[in-house]
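Next comes data24.cif, with mmCIF, C-alpha atoms and all ligand atoms.
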```
data_my_file
loop_
_atom_site.label_atom_id
_atom_site.label_comp_id
_atom_site.auth_asym_id
_atom_site.auth_seq_id
_atom_site.Cartn_x
_atom_site.Cartn_y
_atom_site.Cartn_z
CA MET A 1 2.00 38.77 25.50
CA LYS A 2 -0.41 35.97 26.41
CA ALA A 3 -3.89 35.99 27.91
CA ALA A 4 -4.77 34.24 31.18
CA ILE A 5 -7.94 33.82 33.22
CA VAL A 6 -7.18 35.38 36.60
CA SER A 7 -10.54 34.97 38.34
CA THR A 8 -14.05 33.54 38.04
CA GLY A 9 -17.52 34.36 39.35
CA SER A 10 -21.04 33.07 38.86
CA TYR A 11 -24.63 33.69 39.81
CA LEU A 12 -27.71 31.49 39.82
CA PRO A 13 -31.17 32.94 40.45
CA GLU A 14 -32.68 32.02 43.82
CA ARG A 15 -35.63 29.99 42.56
CA ARG A 16 -34.67 26.33 42.08
CA VAL A 17 -37.08 24.10 40.20
CA HIS A 18 -37.06 20.28 40.41
CA ASN A 19 -38.22 18.01 37.58
CA ASP A 20 -41.20 17.06 39.75
CA ASP A 21 -42.28 20.73 39.76
CA LEU A 22 -42.33 20.66 35.94
CA ALA A 23 -44.27 17.38 35.97
CA ARG A 24 -47.04 19.26 37.78
CA ILE A 25 -47.45 21.73 34.89
CA MET A 26 -46.70 19.56 31.81
CA ASP A 27 -46.81 15.96 30.65
CA THR A 28 -43.34 14.87 31.77
CA SER A 29 -41.63 13.08 34.65
CA ASP A 30 -38.46 13.18 36.71
CA GLU A 31 -37.67 9.71 35.39
CA TRP A 32 -37.88 10.80 31.71
CA ILE A 33 -35.92 14.03 32.15
CA PHE A 34 -33.17 12.57 34.31
CA SER A 35 -32.67 9.39 32.31
CA ARG A 36 -32.65 11.22 28.94
CA THR A 37 -30.56 14.25 29.94
CA GLY A 38 -29.01 13.98 33.43
CA ILE A 39 -30.97 17.07 34.53
CA ARG A 40 -32.72 17.19 37.92
CA TYR A 41 -32.86 20.92 38.78
CA ARG A 42 -32.69 24.29 37.06
CA HIS A 43 -32.69 27.84 38.43
CA ILE A 44 -35.31 30.20 37.05
CA ALA A 45 -35.01 34.00 37.14
CA ASP A 46 -37.90 35.96 38.57
CA GLU A 47 -39.94 38.24 36.34
CA SER A 48 -37.90 41.34 37.13
CA GLU A 49 -34.53 39.72 36.31
CA ALA A 50 -32.92 40.17 32.89
CA ALA A 51 -29.61 38.89 31.48
CA SER A 52 -27.73 42.02 32.60
CA ASP A 53 -28.88 41.57 36.22
CA LEU A 54 -27.44 38.05 36.35
CA ALA A 55 -24.32 39.20 34.51
CA VAL A 56 -23.63 42.03 36.97
CA GLN A 57 -23.80 39.62 39.91
CA ALA A 58 -21.40 37.13 38.32
CA ALA A 59 -19.07 39.89 37.10
CA THR A 60 -18.94 41.59 40.50
CA ARG A 61 -17.80 38.33 42.09
CA ALA A 62 -15.13 37.75 39.43
CA LEU A 63 -13.84 41.32 39.75
CA GLU A 64 -13.70 41.09 43.56
CA ARG A 65 -11.72 37.84 43.44
CA SER A 66 -8.98 39.32 41.26
CA ARG A 67 -9.17 42.68 43.08
CA THR A 68 -9.87 44.28 39.72
CA LYS A 69 -11.64 47.63 39.76
CA ALA A 70 -14.25 47.99 37.04
CA ASP A 71 -12.58 51.16 35.77
CA GLN A 72 -9.44 49.13 35.01
CA LEU A 73 -11.31 47.09 32.38
CA ASP A 74 -10.53 47.77 28.73
CA MET A 75 -13.45 45.76 27.43
CA ILE A 76 -16.56 43.77 28.38
CA ILE A 77 -17.51 40.91 26.07
CA LEU A 78 -20.85 39.37 26.94
CA ALA A 79 -22.10 36.17 25.37
CA THR A 80 -25.86 35.78 25.36
CA SER A 81 -28.75 34.75 23.15
CA THR A 82 -31.28 36.09 25.66
CA PRO A 83 -30.29 39.80 25.74
CA ASP A 84 -32.13 42.43 27.78
CA PHE A 85 -33.30 44.03 24.53
CA MET A 86 -33.69 42.51 21.08
CA GLY A 87 -30.71 43.46 18.94
CA LEU A 88 -29.91 46.81 20.51
CA PRO A 89 -28.47 48.06 22.70
CA SER A 90 -26.03 45.31 23.66
CA THR A 91 -26.44 43.77 27.09
CA ALA A 92 -22.69 44.35 27.54
CA ALA A 93 -23.28 48.13 27.38
CA ILE A 94 -25.87 47.89 30.16
CA VAL A 95 -23.43 45.87 32.27
CA GLN A 96 -20.69 48.43 31.52
CA ASP A 97 -22.87 51.17 32.97
CA ARG A 98 -23.99 49.15 35.99
CA LEU A 99 -20.39 48.23 36.87
CA GLN A 100 -19.19 51.81 36.21
CA ALA A 101 -16.50 50.44 33.89
CA GLY A 102 -15.72 53.94 32.58
CA LYS A 103 -13.09 53.12 29.94
CA ALA A 104 -14.37 49.71 28.79
CA ALA A 105 -15.61 48.98 25.28
CA ALA A 106 -18.68 46.78 25.42
CA MET A 107 -20.08 44.26 22.97
CA ASP A 108 -22.23 41.15 22.85
CA VAL A 109 -21.25 37.91 21.17
CA VAL A 110 -24.09 35.84 19.73
CA ALA A 111 -23.02 32.24 19.34
CA ALA A 112 -25.65 30.61 21.58
CA CYS A 113 -24.22 27.76 23.64
CA SER A 114 -20.78 28.24 22.07
CA GLY A 115 -20.93 31.90 23.11
CA PHE A 116 -18.51 31.72 26.02
CA VAL A 117 -15.83 29.96 23.96
CA TYR A 118 -16.26 32.51 21.16
CA ALA A 119 -16.11 35.42 23.65
CA LEU A 120 -13.08 34.00 25.45
CA ASP A 121 -11.15 33.56 22.22
CA THR A 122 -12.10 37.09 21.16
CA ALA A 123 -10.68 38.36 24.47
CA ARG A 124 -7.52 36.32 23.92
CA ALA A 125 -7.04 37.83 20.45
CA PHE A 126 -7.51 41.43 21.69
CA ILE A 127 -5.00 40.83 24.48
CA GLU A 128 -2.38 39.03 22.37
CA SER A 129 -2.55 41.81 19.76
CA GLY A 130 -1.84 44.39 22.46
CA SER A 131 -5.17 46.19 21.95
CA ALA A 132 -6.39 45.42 25.48
CA ALA A 133 -4.83 44.35 28.76
CA ARG A 134 -7.83 43.48 30.93
CA ILE A 135 -11.15 42.10 29.67
CA LEU A 136 -14.26 40.90 31.46
CA VAL A 137 -15.86 37.94 29.67
CA VAL A 138 -19.40 37.03 30.72
CA GLY A 139 -21.93 34.41 29.69
CA SER A 140 -25.43 35.29 30.89
CA GLU A 141 -28.73 33.70 29.95
CA VAL A 142 -32.40 33.84 30.90
CA TYR A 143 -33.75 31.06 28.69
CA SER A 144 -36.85 30.72 30.86
CA LYS A 145 -38.17 33.83 29.07
CA ILE A 146 -37.72 32.47 25.54
CA LEU A 147 -38.95 28.93 26.18
CA ASN A 148 -42.29 27.67 24.98
CA TRP A 149 -43.64 26.30 28.26
CA ASP A 150 -46.20 24.26 26.29
CA ASP A 151 -43.39 22.33 24.54
CA ARG A 152 -42.09 19.61 26.84
CA THR A 153 -39.34 18.66 24.38
CA THR A 154 -37.49 21.94 25.03
CA ALA A 155 -38.91 23.45 28.25
CA VAL A 156 -37.37 20.83 30.53
CA LEU A 157 -33.83 21.26 29.20
CA PHE A 158 -32.80 24.81 30.05
CA GLY A 159 -32.06 26.95 33.11
CA ASP A 160 -31.00 30.53 33.88
CA GLY A 161 -27.63 31.72 35.18
CA ALA A 162 -24.46 33.69 34.56
CA GLY A 163 -20.73 33.12 34.79
CA ALA A 164 -17.84 35.54 34.36
CA VAL A 165 -14.05 35.52 34.10
CA VAL A 166 -11.44 38.27 34.14
CA VAL A 167 -8.83 37.80 31.41
CA GLU A 168 -5.52 39.62 31.70
CA ALA A 169 -2.33 40.11 29.70
CA VAL A 170 0.53 38.07 31.14
CA PRO A 171 4.17 37.65 30.01
CA ASP A 172 4.92 34.83 27.55
CA ASP A 173 6.69 32.77 30.22
CA HIS A 174 3.81 33.05 32.72
CA GLY A 175 2.47 29.66 33.85
CA SER A 176 -1.19 30.37 33.04
CA CYS A 177 -2.54 31.13 29.58
CA ILE A 178 -5.17 30.37 26.97
CA ALA A 179 -2.93 28.18 24.81
CA GLN A 180 -5.15 27.15 21.89
CA ALA A 181 -8.58 27.91 20.51
CA ILE A 182 -10.78 26.59 17.73
CA LEU A 183 -13.96 28.36 16.56
CA ARG A 184 -16.19 26.81 13.90
CA ALA A 185 -19.66 27.20 12.39
CA GLU A 186 -22.00 25.12 10.22
CA GLY A 187 -24.63 27.67 9.27
CA ALA A 188 -26.46 25.16 7.09
CA GLY A 189 -27.95 23.91 10.37
CA ALA A 190 -29.29 27.34 11.35
CA GLU A 191 -32.88 26.16 11.62
CA THR A 192 -32.26 23.16 13.86
CA LEU A 193 -32.23 25.42 16.95
CA TYR A 194 -33.70 28.89 16.59
CA ARG A 195 -36.52 31.36 17.12
CA SER A 196 -38.15 31.42 13.71
CA HIS A 197 -40.14 34.67 13.99
CA GLY A 198 -39.68 38.15 15.41
CA GLY A 199 -36.47 38.94 13.52
CA THR A 200 -36.15 40.58 10.10
CA ARG A 201 -36.60 37.28 8.15
CA TYR A 202 -40.09 36.66 9.49
CA ALA A 203 -41.04 39.82 11.32
CA TYR A 204 -43.70 39.84 13.99
CA VAL A 205 -47.10 40.40 12.37
CA PRO A 206 -49.95 41.09 14.83
CA GLY A 207 -52.72 38.55 14.42
CA GLN A 208 -50.58 36.26 12.24
CA THR A 209 -47.46 35.38 14.18
CA HIS A 210 -48.14 32.62 16.67
CA GLU A 211 -46.61 33.06 20.13
CA SER A 212 -44.80 29.70 19.83
CA GLU A 213 -42.98 31.03 16.73
CA LEU A 214 -41.38 33.73 18.86
CA LYS A 215 -40.01 31.10 21.25
CA LEU A 216 -37.16 28.61 21.02
CA GLN A 217 -37.72 25.72 18.61
CA MET A 218 -35.41 22.75 18.26
CA ASP A 219 -34.88 19.55 16.35
CA GLY A 220 -33.41 17.74 19.37
CA ARG A 221 -32.21 14.64 17.53
CA ALA A 222 -30.33 16.68 14.89
CA VAL A 223 -28.66 18.84 17.54
CA TYR A 224 -27.75 15.73 19.52
CA MET A 225 -26.05 14.11 16.55
CA PHE A 226 -24.22 17.32 15.63
CA ALA A 227 -23.08 17.76 19.25
CA VAL A 228 -21.57 14.28 19.57
CA ARG A 229 -19.67 14.81 16.33
CA ALA A 230 -18.56 18.36 17.21
CA VAL A 231 -17.37 17.67 20.76
CA GLY A 232 -15.23 14.73 19.64
CA ALA A 233 -13.80 16.64 16.67
CA VAL A 234 -12.84 19.69 18.75
CA ILE A 235 -11.16 17.67 21.48
CA GLN A 236 -9.21 15.67 18.92
CA GLU A 237 -8.03 18.73 16.99
CA LEU A 238 -7.02 20.58 20.16
CA LEU A 239 -4.99 17.56 21.30
CA GLU A 240 -3.28 17.32 17.91
CA ARG A 241 -2.43 21.02 17.81
CA GLU A 242 -0.64 20.78 21.16
CA SER A 243 0.79 17.28 20.48
CA LEU A 244 -1.06 15.89 23.49
CA VAL A 245 -2.99 12.74 24.29
CA PHE A 246 -6.26 12.78 26.22
CA ASP A 247 -4.53 11.69 29.45
CA ASP A 248 -2.46 14.92 29.39
CA VAL A 249 -5.65 16.90 30.06
CA ASP A 250 -6.79 17.21 33.68
CA TRP A 251 -10.35 18.30 32.93
CA VAL A 252 -12.64 18.83 29.96
CA ILE A 253 -15.27 21.44 30.81
CA PRO A 254 -17.93 20.95 28.14
CA HIS A 255 -21.06 22.94 27.53
CA GLN A 256 -23.68 21.25 29.71
CA ALA A 257 -26.51 20.26 27.35
CA ASN A 258 -27.11 16.57 27.92
CA VAL A 259 -24.98 14.09 29.82
CA ARG A 260 -25.68 11.52 27.09
CA ILE A 261 -23.82 13.68 24.55
CA LEU A 262 -20.72 13.38 26.73
CA THR A 263 -21.16 9.67 27.47
CA GLU A 264 -21.53 8.95 23.77
CA THR A 265 -18.52 11.09 22.80
CA ALA A 266 -16.34 9.45 25.46
CA LYS A 267 -17.44 6.00 24.35
CA ARG A 268 -16.84 6.62 20.64
CA ARG A 269 -13.44 8.24 21.13
CA GLY A 270 -12.20 6.14 24.05
CA TYR A 271 -11.98 9.11 26.45
CA ASP A 272 -12.21 8.71 30.22
CA LEU A 273 -15.66 10.08 31.10
CA ASP A 274 -14.48 10.95 34.63
CA ARG A 275 -12.34 13.74 33.16
CA PHE A 276 -15.47 15.54 31.89
CA TYR A 277 -16.78 17.97 34.48
CA VAL A 278 -20.56 17.60 34.71
CA ASN A 279 -22.90 19.78 36.79
CA ILE A 280 -25.96 19.57 34.56
CA GLU A 281 -27.96 17.70 37.23
CA GLN A 282 -28.05 20.87 39.36
CA VAL A 283 -28.26 23.67 36.77
CA ALA A 284 -29.55 22.20 33.45
CA ASN A 285 -28.49 23.83 30.18
CA THR A 286 -27.59 27.50 30.79
CA SER A 287 -26.29 28.01 27.22
CA ALA A 288 -23.46 30.58 27.07
CA ALA A 289 -23.26 30.63 30.87
CA SER A 290 -22.68 26.91 31.36
CA ILE A 291 -18.88 26.81 30.98
CA PRO A 292 -18.06 29.85 33.17
CA ILE A 293 -20.53 28.63 35.83
CA ALA A 294 -18.76 25.25 35.80
CA LEU A 295 -15.31 26.91 35.97
CA ASP A 296 -16.36 28.97 38.98
CA GLU A 297 -17.85 25.95 40.72
CA MET A 298 -14.64 23.97 40.12
CA VAL A 299 -12.47 26.77 41.52
CA SER A 300 -14.73 27.17 44.57
CA THR A 301 -14.69 23.44 45.34
CA GLY A 302 -10.92 23.09 44.79
CA LYS A 303 -11.28 20.81 41.75
CA LEU A 304 -9.54 23.29 39.49
CA THR A 305 -6.15 24.47 40.69
CA ARG A 306 -3.28 26.46 39.17
CA GLY A 307 -1.01 24.49 36.87
CA MET A 308 -3.76 22.18 35.58
CA ARG A 309 -4.31 21.77 31.84
CA ILE A 310 -7.97 21.98 30.91
CA MET A 311 -10.16 22.12 27.83
CA THR A 312 -13.42 23.96 27.31
CA VAL A 313 -15.76 22.78 24.55
CA GLY A 314 -18.88 24.61 23.38
CA PHE A 315 -21.54 23.70 20.81
CA GLY A 316 -24.99 24.99 19.94
CA SER A 317 -27.24 27.02 17.72
CA GLY A 318 -25.75 28.44 14.55
CA LEU A 319 -24.76 25.74 14.38
CA THR A 320 -21.54 26.75 16.10
CA TYR A 321 -18.87 24.96 18.05
CA GLY A 322 -15.39 25.45 19.39
CA GLY A 323 -12.98 24.86 22.21
CA THR A 324 -9.89 26.00 24.05
CA ILE A 325 -6.91 24.53 25.83
CA ILE A 326 -6.10 26.52 28.94
CA ARG A 327 -3.11 26.25 31.25
CA TRP A 328 -4.92 27.26 34.47
O1 LIG B 401 -27.19 23.48 23.86
C1 LIG B 401 -27.68 22.66 22.89
C2 LIG B 401 -29.15 22.49 23.16
N1 LIG B 401 -29.72 21.36 22.57
C3 LIG B 401 -29.66 20.12 23.08
O2 LIG B 401 -29.02 19.84 24.06
C4 LIG B 401 -30.47 19.07 22.39
C5 LIG B 401 -29.77 17.79 22.13
N2 LIG B 401 -30.74 16.74 22.04
C6 LIG B 401 -31.13 16.06 23.13
O3 LIG B 401 -30.63 16.27 24.21
C7 LIG B 401 -32.18 14.99 22.96
O4 LIG B 401 -32.44 14.81 21.60
C8 LIG B 401 -33.48 15.31 23.73
C9 LIG B 401 -33.22 15.23 25.23
C10 LIG B 401 -33.98 16.70 23.37
C11 LIG B 401 -34.56 14.30 23.38
O5 LIG B 401 -34.12 12.99 23.71
P1 LIG B 401 -34.41 11.77 22.73
O6 LIG B 401 -33.93 10.56 23.38
O7 LIG B 401 -33.84 12.16 21.39
O8 LIG B 401 -35.99 11.74 22.71
P2 LIG B 401 -36.96 11.90 21.46
O9 LIG B 401 -36.98 13.32 21.00
O10 LIG B 401 -36.62 10.84 20.47
O11 LIG B 401 -38.35 11.57 22.12
C12 LIG B 401 -38.64 10.28 22.63
C13 LIG B 401 -40.05 10.32 23.22
C14 LIG B 401 -41.10 10.93 22.32
O12 LIG B 401 -42.29 10.21 22.48
P3 LIG B 401 -42.76 9.15 21.38
O13 LIG B 401 -42.89 9.93 20.11
O14 LIG B 401 -41.67 8.12 21.32
O15 LIG B 401 -44.05 8.64 21.92
C15 LIG B 401 -41.28 12.31 22.88
O16 LIG B 401 -42.56 12.84 22.64
O17 LIG B 401 -40.04 11.11 24.42
C16 LIG B 401 -41.09 12.06 24.37
N3 LIG B 401 -40.68 13.25 25.11
C17 LIG B 401 -40.93 13.41 26.41
N4 LIG B 401 -41.56 12.63 27.31
C18 LIG B 401 -41.61 13.09 28.57
C19 LIG B 401 -40.02 14.33 24.63
N5 LIG B 401 -39.83 15.21 25.64
C20 LIG B 401 -40.38 14.66 26.75
C21 LIG B 401 -40.49 15.10 28.08
N6 LIG B 401 -41.12 14.27 28.96
N7 LIG B 401 -39.99 16.27 28.52
#
```
Could you write out this file's structure as structure tokens?
Ligand code: UT7
Amino acid sequence: MKAAIVSTGSYLPERRVHNDDLARIMDTSDEWIFSRTGIRYRHIADESEAASDLAVQAATRALERSRTKADQLDMIILATSTPDFMGLPSTAAIVQDRLQAGKAAAMDVVAACSGFVYALDTARAFIESGSAARILVVGSEVYSKILNWDDRTTAVLFGDGAGAVVVEAVPDDHGSCIAQAILRAEGAGAETLYRSHGGTRYAYVPGQTHESELKLQMDGRAVYMFAVRAVGAVIQELLERESLVFDDVDWVIPHQANVRILTETAKRRGYDLDRFYVNIEQVANTSAASIPIALDEMVSTGKLTRGMRIMTVGFGSGLTYGGTIIRW
């Protein structure tokens, strides 16, 4: 048995914020943000919206497209680092209830911007082992609620959104499948991108914990250097495992963090940059949601069609990284 993605769905909150809007509330500019990152817009959830709300919208679209009824799902795996509630319960369990997925197990995967790749490979493993036949994989993030809006070095980079795919068991000779996956971590870099306080290491202490310590903090340069190294290494290893060359791949769908990470990787490794799908200008960095949002956009616009060979590549906090080769 193999595992194949049979449908996609995505959801972006209604409110769309241009770089110029940010320049009105902090010391930044459209010119700086766009030239350093490739970002022009991001969608921002309204106050009442949590990760599960975005996830349900994206999931409903993915389920409709494959005519899957929620009660046919064996499992919901939801990748997020901005859950509805801190630690428990899982956001996946809330989505399971909202979708009325009566017989589905539900769990969250916490691997930040690599979350979708980790969740997808987990789904593949459950399906290939015969433990599940139909799994909903979702990436859903509301970073706007964990950003320090007084820190221009992080606040301009992220956006909110959700993407979902339905993964199903297919026969070994089926044309579509998740063919290869790599998952890696370098935990020594844990503090390059994290929320230092509010967990059990440095618990929230009233009067002592500063609000900024509860928000996302990042050493941008260190993450940038890690990302360029990780993206190139994953692509190379995936190609080697399948005895392919870069030209055999129709599309690389990378995590959308900074267009310069992709330009630099392509330059160093001699890859054709045009094969990297980039939508960061419109949506910014949506962490675990970025790859499934891109997949859904590519399907909707006809850029991704059955029979194509694609790669997904994720990287982020942990530090974590990974990738897949998918026969679409
Ligand atoms: O999913 C993974 C998430 N993480 C990432 O994607 C982070 C990866 N890293 C990056 O993308 C880049 O390192 C950044 C975009 C975060 C920063 O780009 P950079 O070219 O490394 O800039 P920098 O941090 O070296 O800062 C250059 C200057 C500084 O000013 P000075 O010290 O040279 O006077 C910053 O204070 O740019 C300033 N700066 C800004 N200026 C205007 C930093 N943020 C801003 C801003 N607007 N938003």
Could you tell me, counting all atoms listed in the file, which protein and nucleic acid residues lie no more than 10 Å from ligand LIG 401 (chain B), written as a tab-separated table (two decimals) with C-alpha atoms, in the frame of the given file?
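Printed below is out.tsv as written:
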```tsv
chain	number	residue	atom	x	y	z
A	19	ASN	CA	-38.22	18.01	37.58
A	22	LEU	CA	-42.33	20.66	35.94
A	23	ALA	CA	-44.27	17.38	35.97
A	26	MET	CA	-46.70	19.56	31.81
A	27	ASP	CA	-46.81	15.96	30.65
A	28	THR	CA	-43.34	14.87	31.77
A	29	SER	CA	-41.63	13.08	34.65
A	30	ASP	CA	-38.46	13.18	36.71
A	31	GLU	CA	-37.67	9.71	35.39
A	32	TRP	CA	-37.88	10.80	31.71
A	33	ILE	CA	-35.92	14.03	32.15
A	34	PHE	CA	-33.17	12.57	34.31
A	35	SER	CA	-32.67	9.39	32.31
A	36	ARG	CA	-32.65	11.22	28.94
A	37	THR	CA	-30.56	14.25	29.94
A	38	GLY	CA	-29.01	13.98	33.43
A	39	ILE	CA	-30.97	17.07	34.53
A	112	ALA	CA	-25.65	30.61	21.58
A	113	CYS	CA	-24.22	27.76	23.64
A	114	SER	CA	-20.78	28.24	22.07
A	151	ASP	CA	-43.39	22.33	24.54
A	152	ARG	CA	-42.09	19.61	26.84
A	153	THR	CA	-39.34	18.66	24.38
A	154	THR	CA	-37.49	21.94	25.03
A	155	ALA	CA	-38.91	23.45	28.25
A	156	VAL	CA	-37.37	20.83	30.53
A	157	LEU	CA	-33.83	21.26	29.20
A	158	PHE	CA	-32.80	24.81	30.05
A	192	THR	CA	-32.26	23.16	13.86
A	193	LEU	CA	-32.23	25.42	16.95
A	217	GLN	CA	-37.72	25.72	18.61
A	218	MET	CA	-35.41	22.75	18.26
A	219	ASP	CA	-34.88	19.55	16.35
A	220	GLY	CA	-33.41	17.74	19.37
A	221	ARG	CA	-32.21	14.64	17.53
A	222	ALA	CA	-30.33	16.68	14.89
A	223	VAL	CA	-28.66	18.84	17.54
A	224	TYR	CA	-27.75	15.73	19.52
A	225	MET	CA	-26.05	14.11	16.55
A	226	PHE	CA	-24.22	17.32	15.63
A	227	ALA	CA	-23.08	17.76	19.25
A	228	VAL	CA	-21.57	14.28	19.57
A	255	HIS	CA	-21.06	22.94	27.53
A	256	GLN	CA	-23.68	21.25	29.71
A	257	ALA	CA	-26.51	20.26	27.35
A	258	ASN	CA	-27.11	16.57	27.92
A	259	VAL	CA	-24.98	14.09	29.82
A	260	ARG	CA	-25.68	11.52	27.09
A	261	ILE	CA	-23.82	13.68	24.55
A	284	ALA	CA	-29.55	22.20	33.45
A	285	ASN	CA	-28.49	23.83	30.18
A	286	THR	CA	-27.59	27.50	30.79
A	287	SER	CA	-26.29	28.01	27.22
A	288	ALA	CA	-23.46	30.58	27.07
A	290	SER	CA	-22.68	26.91	31.36
A	314	GLY	CA	-18.88	24.61	23.38
A	315	PHE	CA	-21.54	23.70	20.81
A	316	GLY	CA	-24.99	24.99	19.94
A	317	SER	CA	-27.24	27.02	17.72
A	319	LEU	CA	-24.76	25.74	14.38
```
Residue with smallest distance to Arg61 (chain A) - pool A:Val249, A:Tyr11, A:Ser81, A:Asp108, counting only C-alpha atoms
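Of all the options, A:Tyr11 lies closest to Arg61 (chain A).
CA of Tyr143 (chain A) is found 19.8 Å from CA of Tyr204 (chain A).
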Mind dumping a table of every region 254-295 of chain A residue within 7 Å of region 162-167 of chain A, with the nearest atom pair and its distance in Å to one decimal, using all atoms listed in the file, sorted by chain and rising number, as a Markdown table?
```
| residue | atom | partner | partner_atom | distance |
| --- | --- | --- | --- | --- |
| A:Ala289 | CA | A:Ala162 | CA | 4.9 |
| A:Pro292 | CA | A:Gly163 | CA | 4.5 |
| A:Ile293 | CA | A:Gly163 | CA | 4.6 |
```
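Note that the spacing between CA of Ser176 (chain A) and CA of Leu238 (chain A) amounts to 17.2 Å.
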Considering only C-alpha atoms, state which residue in the set A:Val234, A:Ile325, A:Val245, A:Ile280 is at the smallest distance from Arg40 (chain A).
A:Ile280
Mind checking which residues fall within 12 Å of Ser129 (chain A), counting all atoms listed in the file, ignoring those fewer than 6 positions away in the same chain, and posting them as a count of residues only?
6
Rounded to one decimal, what separation in Å do you get between CA of Asp150 (chain A) and CA of Ala111 (chain A)?
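Distance between the two atoms: 25.5 Å.
Closest to Thr80 (chain A) among A:Gly175, A:Gly161, A:Gly189, A:Gly198 is A:Gly161, based on only C-alpha atoms.
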Find the spatial neighbours of Phe116 (chain A), counting all atoms listed in the file, within a cut-off of 6 Å - ignore same-chain residues fewer than 4 positions away - and output them as a ChimeraX atom specification.
/A:79,120,139,288
Identify, on the basis of only C-alpha atoms, every residue whose closest approach to region 92-106 of chain A does not exceed 7 Å; exclude the query and any residue fewer than 5 positions from it along the same chain; express the result as a PyMOL selection string.
chain A and resi 52+56+70-71+73-78
So which one's closest to Gly130 (chain A), A:Arg241, A:Ala294, A:Val109, A:Val170? Using only C-alpha atoms, please.
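Of A:Arg241, A:Ala294, A:Val109, A:Val170, the one nearest Gly130 (chain A) is A:Val170, counting only C-alpha atoms.
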For a cutoff of 8 Å around the file-coordinate point (-12.7, 20.9, 28.2), which residues qualify once you count only C-alpha atoms? I'd like the result as an NGL selection string.
:A and (235 or 251-254 or 276 or 310-313 or 323-325)
Using all atoms listed in the file, what residues lie at most 9 Å away from (-34.2, 34.3, 20.0) (file coordinates), given as a list in words?
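Looking at atoms near the point gives Ser81, Thr82, Pro83, Met86, Ile146, Tyr194, Arg195, Ser196, His197, Gly198, Gly199, Leu214, Lys215 and Leu216 of chain A.
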Limited to C-alpha atoms, could you put the picked residues into a file as a compact mmCIF listing (two decimals), keeping the file's coordinate frame?
```txt
# COMPACT_ATOMS: atom_id res chain seq x y z
CA SER A 81 -28.75 34.75 23.15
CA THR A 82 -31.28 36.09 25.66
CA PRO A 83 -30.29 39.80 25.74
CA MET A 86 -33.69 42.51 21.08
CA ILE A 146 -37.72 32.47 25.54
CA TYR A 194 -33.70 28.89 16.59
CA ARG A 195 -36.52 31.36 17.12
CA SER A 196 -38.15 31.42 13.71
CA HIS A 197 -40.14 34.67 13.99
CA GLY A 198 -39.68 38.15 15.41
CA GLY A 199 -36.47 38.94 13.52
CA LEU A 214 -41.38 33.73 18.86
CA LYS A 215 -40.01 31.10 21.25
CA LEU A 216 -37.16 28.61 21.02
```
Calculate, to one decimal in Å, the centre and edge lengths of the box along x, y and z of the file that holds all listed atoms of region 15-20 of chain A with 8 Å of margin on each side, and present them as AutoDock Vina command-line options.
```
--center_x -37.9 --center_y 23.5 --center_z 40.1 --size_x 22.5 --size_y 28.9 --size_z 21.0
```
Smallest atom-to-atom distance to Ile5 (chain A): which of A:Gln180, A:Thr263, A:Gly207, A:Arg327, using all atoms listed in the file?
A:Arg327
Generate the missing atoms of region 300-309 of chain A up to N, CA and C atoms and report them as a PDB file, in the frame of the given file.
```pdb
ATOM      1  N   SER A 300     -14.215  27.055  43.198  1.00  0.00           N
ATOM      2  CA  SER A 300     -14.730  27.170  44.570  1.00  0.00           C
ATOM      3  C   SER A 300     -14.607  25.869  45.339  1.00  0.00           C
ATOM      4  N   THR A 301     -14.730  24.732  44.647  1.00  0.00           N
ATOM      5  CA  THR A 301     -14.690  23.440  45.340  1.00  0.00           C
ATOM      6  C   THR A 301     -13.282  22.830  45.325  1.00  0.00           C
ATOM      7  N   GLY A 302     -12.311  23.566  44.782  1.00  0.00           N
ATOM      8  CA  GLY A 302     -10.920  23.090  44.790  1.00  0.00           C
ATOM      9  C   GLY A 302     -10.608  22.037  43.735  1.00  0.00           C
ATOM     10  N   LYS A 303     -11.540  21.819  42.803  1.00  0.00           N
ATOM     11  CA  LYS A 303     -11.280  20.810  41.750  1.00  0.00           C
ATOM     12  C   LYS A 303     -10.361  21.340  40.667  1.00  0.00           C
ATOM     13  N   LEU A 304     -10.370  22.658  40.518  1.00  0.00           N
ATOM     14  CA  LEU A 304      -9.540  23.290  39.490  1.00  0.00           C
ATOM     15  C   LEU A 304      -8.486  24.138  40.190  1.00  0.00           C
ATOM     16  N   THR A 305      -7.215  23.752  40.001  1.00  0.00           N
ATOM     17  CA  THR A 305      -6.150  24.470  40.690  1.00  0.00           C
ATOM     18  C   THR A 305      -5.076  24.894  39.680  1.00  0.00           C
ATOM     19  N   ARG A 306      -4.304  25.889  40.052  1.00  0.00           N
ATOM     20  CA  ARG A 306      -3.280  26.460  39.170  1.00  0.00           C
ATOM     21  C   ARG A 306      -2.310  25.375  38.694  1.00  0.00           C
ATOM     22  N   GLY A 307      -1.938  25.468  37.438  1.00  0.00           N
ATOM     23  CA  GLY A 307      -1.010  24.490  36.870  1.00  0.00           C
ATOM     24  C   GLY A 307      -1.714  23.396  36.078  1.00  0.00           C
ATOM     25  N   MET A 308      -3.037  23.222  36.317  1.00  0.00           N
ATOM     26  CA  MET A 308      -3.760  22.180  35.580  1.00  0.00           C
ATOM     27  C   MET A 308      -3.911  22.563  34.100  1.00  0.00           C
ATOM     28  N   ARG A 309      -4.032  21.533  33.259  1.00  0.00           N
ATOM     29  CA  ARG A 309      -4.310  21.770  31.840  1.00  0.00           C
ATOM     30  C   ARG A 309      -5.746  21.347  31.589  1.00  0.00           C
TER      31      ARG A 309
END
```
